[in-house]
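input_21.json follows; it contains JSON, C-alpha atoms.
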[["chain", "number", "residue", "atom", "x", "y", "z"],
["K", 30, "MET", "CA", 126.91, 122.45, 16.70],
["K", 31, "ASP", "CA", 127.18, 120.48, 19.90],
["K", 32, "GLU", "CA", 124.69, 117.69, 20.53],
["K", 33, "GLN", "CA", 122.95, 119.37, 23.46],
["K", 34, "LEU", "CA", 122.50, 122.58, 21.47],
["K", 35, "ARG", "CA", 121.04, 120.62, 18.56],
["K", 36, "LEU", "CA", 118.63, 118.81, 20.90],
["K", 37, "GLY", "CA", 117.58, 122.10, 22.48],
["K", 38, "ASN", "CA", 116.79, 123.65, 19.11],
["K", 39, "GLU", "CA", 114.81, 120.57, 18.10],
["K", 40, "MET", "CA", 112.89, 120.61, 21.38],
["K", 41, "VAL", "CA", 111.91, 124.26, 21.01],
["K", 42, "ALA", "CA", 110.72, 123.62, 17.45],
["K", 43, "ALA", "CA", 108.78, 120.50, 18.47],
["K", 44, "MET", "CA", 107.11, 122.14, 21.46],
["K", 45, "HIS", "CA", 106.09, 125.33, 19.66],
["K", 46, "ASP", "CA", 102.43, 125.97, 19.04],
["K", 47, "PRO", "CA", 100.29, 129.11, 19.19],
["K", 48, "ALA", "CA", 98.88, 128.05, 22.57],
["K", 49, "GLY", "CA", 102.38, 128.07, 24.04],
["K", 50, "SER", "CA", 102.65, 124.45, 25.22],
["K", 51, "ILE", "CA", 106.40, 124.91, 25.57],
["K", 52, "LYS", "CA", 105.73, 126.72, 28.84],
["K", 53, "ASP", "CA", 104.27, 123.47, 30.19],
["K", 54, "LEU", "CA", 107.86, 122.27, 30.55],
["K", 55, "LEU", "CA", 108.02, 124.43, 33.68],
["K", 56, "GLN", "CA", 105.33, 122.40, 35.44],
["K", 57, "PRO", "CA", 106.79, 120.69, 38.53],
["K", 58, "GLU", "CA", 106.56, 117.21, 37.00],
["K", 59, "LYS", "CA", 108.44, 118.30, 33.87],
["K", 60, "ALA", "CA", 110.80, 121.03, 35.09],
["K", 61, "ASP", "CA", 113.72, 118.67, 35.74],
["K", 62, "GLY", "CA", 113.18, 116.55, 32.64],
["K", 63, "ASP", "CA", 115.39, 116.26, 29.60],
["K", 64, "GLU", "CA", 113.06, 118.38, 27.48],
["K", 65, "ALA", "CA", 113.11, 121.32, 29.89],
["K", 66, "ARG", "CA", 116.88, 121.00, 30.31],
["K", 67, "SER", "CA", 117.33, 121.05, 26.53],
["K", 68, "VAL", "CA", 115.27, 124.22, 26.12],
["K", 69, "LYS", "CA", 117.11, 125.93, 28.98],
["K", 70, "TYR", "CA", 120.44, 124.85, 27.49],
["K", 71, "VAL", "CA", 119.80, 126.46, 24.11],
["K", 72, "LEU", "CA", 118.41, 129.65, 25.67],
["K", 73, "ASN", "CA", 121.33, 129.89, 28.10],
["K", 74, "HIS", "CA", 123.75, 129.31, 25.21],
["K", 75, "TRP", "CA", 122.35, 132.29, 23.32],
["K", 76, "GLU", "CA", 122.13, 134.42, 26.46],
["K", 77, "ARG", "CA", 125.87, 133.87, 27.00],
["K", 78, "ILE", "CA", 126.59, 134.73, 23.36],
["K", 79, "CYS", "CA", 124.57, 137.94, 23.72],
["K", 80, "VAL", "CA", 126.42, 138.93, 26.88],
["K", 81, "GLY", "CA", 129.65, 138.30, 24.97],
["K", 82, "ILE", "CA", 128.46, 140.59, 22.19],
["K", 83, "ASN", "CA", 127.56, 143.28, 24.73],
["K", 84, "GLU", "CA", 131.01, 143.00, 26.30],
["K", 85, "GLY", "CA", 132.80, 143.21, 22.94],
["K", 86, "ILE", "CA", 134.01, 139.61, 23.05],
["K", 87, "TYR", "CA", 132.08, 138.52, 19.96],
["K", 88, "HIS", "CA", 131.56, 140.37, 16.68],
["K", 89, "GLU", "CA", 127.82, 141.02, 16.42],
["K", 90, "GLU", "CA", 127.61, 141.55, 12.67],
["K", 91, "MET", "CA", 129.42, 138.30, 11.91],
["K", 92, "LEU", "CA", 127.11, 136.40, 14.25],
["K", 93, "ARG", "CA", 124.03, 138.15, 12.80],
["K", 94, "GLN", "CA", 124.99, 137.19, 9.26],
["K", 95, "ALA", "CA", 125.55, 133.59, 10.30],
["K", 96, "ASN", "CA", 122.65, 133.14, 12.77],
["K", 97, "ARG", "CA", 119.97, 135.80, 12.32],
["K", 98, "THR", "CA", 117.18, 133.54, 11.09],
["K", 99, "ASN", "CA", 117.89, 130.87, 13.70],
["K", 100, "VAL", "CA", 118.01, 133.39, 16.57],
["K", 101, "VAL", "CA", 114.84, 135.20, 15.55],
["K", 102, "THR", "CA", 112.96, 131.92, 15.01],
["K", 103, "LEU", "CA", 114.20, 130.50, 18.31],
["K", 104, "TYR", "CA", 113.08, 133.62, 20.14],
["K", 105, "ARG", "CA", 109.60, 133.59, 18.59],
["K", 106, "LYS", "CA", 109.10, 129.92, 19.42],
["K", 107, "ALA", "CA", 110.59, 130.13, 22.92],
["K", 108, "LYS", "CA", 108.83, 133.36, 23.93],
["K", 109, "PRO", "CA", 106.04, 131.58, 25.88],
["K", 110, "PHE", "CA", 108.70, 129.64, 27.82],
["K", 111, "ILE", "CA", 110.70, 132.82, 28.52],
["K", 112, "ASP", "CA", 107.56, 134.61, 29.71],
["K", 113, "ALA", "CA", 106.65, 131.65, 31.95],
["K", 114, "VAL", "CA", 110.15, 131.58, 33.50],
["K", 115, "ARG", "CA", 109.89, 135.30, 34.24],
["K", 116, "HIS", "CA", 106.42, 134.91, 35.71],
["K", 117, "GLN", "CA", 107.37, 131.87, 37.79],
["K", 118, "THR", "CA", 110.51, 133.47, 39.21],
["K", 119, "GLY", "CA", 109.25, 137.05, 39.40],
["K", 120, "LYS", "CA", 112.43, 138.14, 37.61],
["K", 121, "GLN", "CA", 112.08, 139.96, 34.30],
["K", 122, "THR", "CA", 115.82, 139.69, 33.66],
["K", 123, "PHE", "CA", 115.82, 136.04, 32.51],
["K", 124, "TYR", "CA", 117.05, 135.88, 28.91],
["K", 125, "LYS", "CA", 116.86, 139.68, 28.57],
["K", 126, "ASP", "CA", 120.00, 139.99, 26.47],
["K", 127, "PHE", "CA", 118.82, 137.23, 24.14],
["K", 128, "GLU", "CA", 115.42, 138.87, 23.79],
["K", 129, "LYS", "CA", 116.91, 142.30, 23.11],
["K", 130, "LEU", "CA", 119.23, 140.91, 20.43],
["K", 131, "ALA", "CA", 116.53, 138.80, 18.75],
["K", 132, "LEU", "CA", 114.17, 141.78, 18.54],
["K", 133, "LYS", "CA", 116.96, 143.97, 17.20],
["K", 134, "TRP", "CA", 117.94, 141.42, 14.55],
["K", 135, "GLU", "CA", 114.30, 140.84, 13.63],
["K", 136, "LYS", "CA", 114.12, 144.48, 12.51],
["K", 137, "LYS", "CA", 117.29, 144.14, 10.44],
["K", 138, "PRO", "CA", 116.87, 141.52, 7.67],
["K", 139, "LEU", "CA", 119.89, 140.11, 5.91],
["K", 140, "LYS", "CA", 120.76, 141.66, 2.57],
["K", 141, "VAL", "CA", 120.62, 139.50, -0.50]]
Using structure tokens, write down the structure from this file.
Amino acid sequence: MDEQLRLGNEMVAAMHDPAGSIKDLLQPEKADGDEARSVKYVLNHWERICVGINEGIYHEEMLRQANRTNVVTLYRKAKPFIDAVRHQTGKQTFYKDFEKLALKWEKKPLKV
């Protein structure tokens, strides 16, 4: 895993709480900071992977078997941030492919 991706995952995990403090990274004084950039990096990474799956570039089942838990957990923890980005921009399409895939994989647990 590249360093920026690792940092992004750590940032999402550290900022997660039921009140959704991760969305505070979009406040003007924090939006250009390293923490916000790290969260955006990891979400953009998975959005690109999801687009690749949709276009037949990546094999979905292989990625699901290798990353299901991480993707579903990332989505749950980043959901307040994703919602805040959509609200702030007025665009519901931000991270839509990532969200669709995470919700799909959430319904399909790995077999033991």
Contact residues around K:Gln117 with all atoms listed in the file at 10 Å, ignoring same-chain residues under 5 positions, as a PDB file with C-alpha atoms, keeping the file's coordinate frame:
ATOM      1  CA  LEU K  55     108.020 124.430  33.680  1.00  0.00           C
ATOM      2  CA  GLN K  56     105.330 122.400  35.440  1.00  0.00           C
ATOM      3  CA  ILE K 111     110.700 132.820  28.520  1.00  0.00           C
ATOM      4  CA  ASP K 112     107.560 134.610  29.710  1.00  0.00           C
TER       5      ASP K 112
END
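The shell of residues at most 12 Å from K:Ala113, with all atoms listed in the file counted and near chain neighbours (fewer than 6 positions) removed, consists of Gly49, Ser50, Ile51, Lys52, Asp53, Leu54, Leu55, Gln56, Ala60, Ala107, Gly119, Lys120, Gln121, Phe123 and Tyr124 of chain K.
Coordinates place atom CA of K:Lys106 at a distance of 11.0 Å from atom CA of K:Glu39.
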Which residues, written as number ranges by chain, have at least one atom at most 10 Å from K:Pro138, with only C-alpha atoms counted and residues fewer than 6 positions away on the same chain left out? K: 93-94, 97-98
Record the distance separating atom CA of K:Tyr70 and atom CA of K:Leu34, expressed in Å with one decimal.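 Computing it gives 6.8 Å between the two atoms.
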Place N, CA and C atoms on stretch 99-125 of chain K and deliver the coordinates as a short mmCIF file (atom, residue, chain, number, x, y, z; two decimals), in the frame of the given file.
data_model
loop_
_atom_site.label_atom_id
_atom_site.label_comp_id
_atom_site.auth_asym_id
_atom_site.auth_seq_id
_atom_site.Cartn_x
_atom_site.Cartn_y
_atom_site.Cartn_z
N ASN K 99 118.01 131.84 12.61
CA ASN K 99 117.89 130.87 13.70
C ASN K 99 117.57 131.56 15.03
N VAL K 100 118.23 132.68 15.30
CA VAL K 100 118.01 133.39 16.57
C VAL K 100 116.60 133.97 16.63
N VAL K 101 116.17 134.60 15.57
CA VAL K 101 114.84 135.20 15.55
C VAL K 101 113.76 134.12 15.67
N THR K 102 113.93 133.02 14.95
CA THR K 102 112.96 131.92 15.01
C THR K 102 112.95 131.29 16.40
N LEU K 103 114.12 131.05 16.96
CA LEU K 103 114.20 130.50 18.31
C LEU K 103 113.49 131.41 19.30
N TYR K 104 113.73 132.69 19.22
CA TYR K 104 113.08 133.62 20.14
C TYR K 104 111.56 133.56 20.01
N ARG K 105 111.06 133.62 18.80
CA ARG K 105 109.60 133.59 18.59
C ARG K 105 108.99 132.32 19.19
N LYS K 106 109.64 131.20 18.95
CA LYS K 106 109.10 129.92 19.42
C LYS K 106 109.27 129.74 20.93
N ALA K 107 110.32 130.29 21.49
CA ALA K 107 110.59 130.13 22.92
C ALA K 107 109.96 131.22 23.79
N LYS K 108 109.38 132.23 23.18
CA LYS K 108 108.83 133.36 23.93
C LYS K 108 107.85 132.93 25.03
N PRO K 109 106.92 131.99 24.79
CA PRO K 109 106.04 131.58 25.88
C PRO K 109 106.80 130.97 27.06
N PHE K 110 107.87 130.23 26.77
CA PHE K 110 108.70 129.64 27.82
C PHE K 110 109.41 130.75 28.60
N ILE K 111 110.00 131.70 27.88
CA ILE K 111 110.70 132.82 28.52
C ILE K 111 109.74 133.59 29.41
N ASP K 112 108.55 133.89 28.92
CA ASP K 112 107.56 134.61 29.71
C ASP K 112 107.16 133.82 30.96
N ALA K 113 107.02 132.50 30.81
CA ALA K 113 106.65 131.65 31.95
C ALA K 113 107.76 131.61 32.99
N VAL K 114 109.02 131.55 32.55
CA VAL K 114 110.15 131.58 33.50
C VAL K 114 110.12 132.89 34.28
N ARG K 115 109.92 133.98 33.59
CA ARG K 115 109.89 135.30 34.24
C ARG K 115 108.73 135.40 35.23
N HIS K 116 107.59 134.88 34.83
CA HIS K 116 106.42 134.91 35.71
C HIS K 116 106.66 134.03 36.94
N GLN K 117 107.16 132.84 36.71
CA GLN K 117 107.37 131.87 37.79
C GLN K 117 108.40 132.37 38.81
N THR K 118 109.44 133.02 38.33
CA THR K 118 110.51 133.47 39.21
C THR K 118 110.30 134.89 39.72
N GLY K 119 109.44 135.65 39.05
CA GLY K 119 109.25 137.05 39.40
C GLY K 119 110.41 137.93 38.97
N LYS K 120 111.25 137.40 38.08
CA LYS K 120 112.43 138.14 37.61
C LYS K 120 112.32 138.37 36.10
N GLN K 121 112.21 139.62 35.72
CA GLN K 121 112.08 139.96 34.30
C GLN K 121 113.42 139.95 33.57
N THR K 122 114.49 139.64 34.27
CA THR K 122 115.82 139.69 33.66
C THR K 122 116.23 138.38 32.97
N PHE K 123 115.47 137.31 33.17
CA PHE K 123 115.82 136.04 32.51
C PHE K 123 115.80 136.21 31.00
N TYR K 124 116.89 135.87 30.36
CA TYR K 124 117.05 135.88 28.91
C TYR K 124 116.85 137.27 28.29
N LYS K 125 117.10 138.32 29.06
CA LYS K 125 116.86 139.68 28.57
C LYS K 125 117.80 140.07 27.45
#
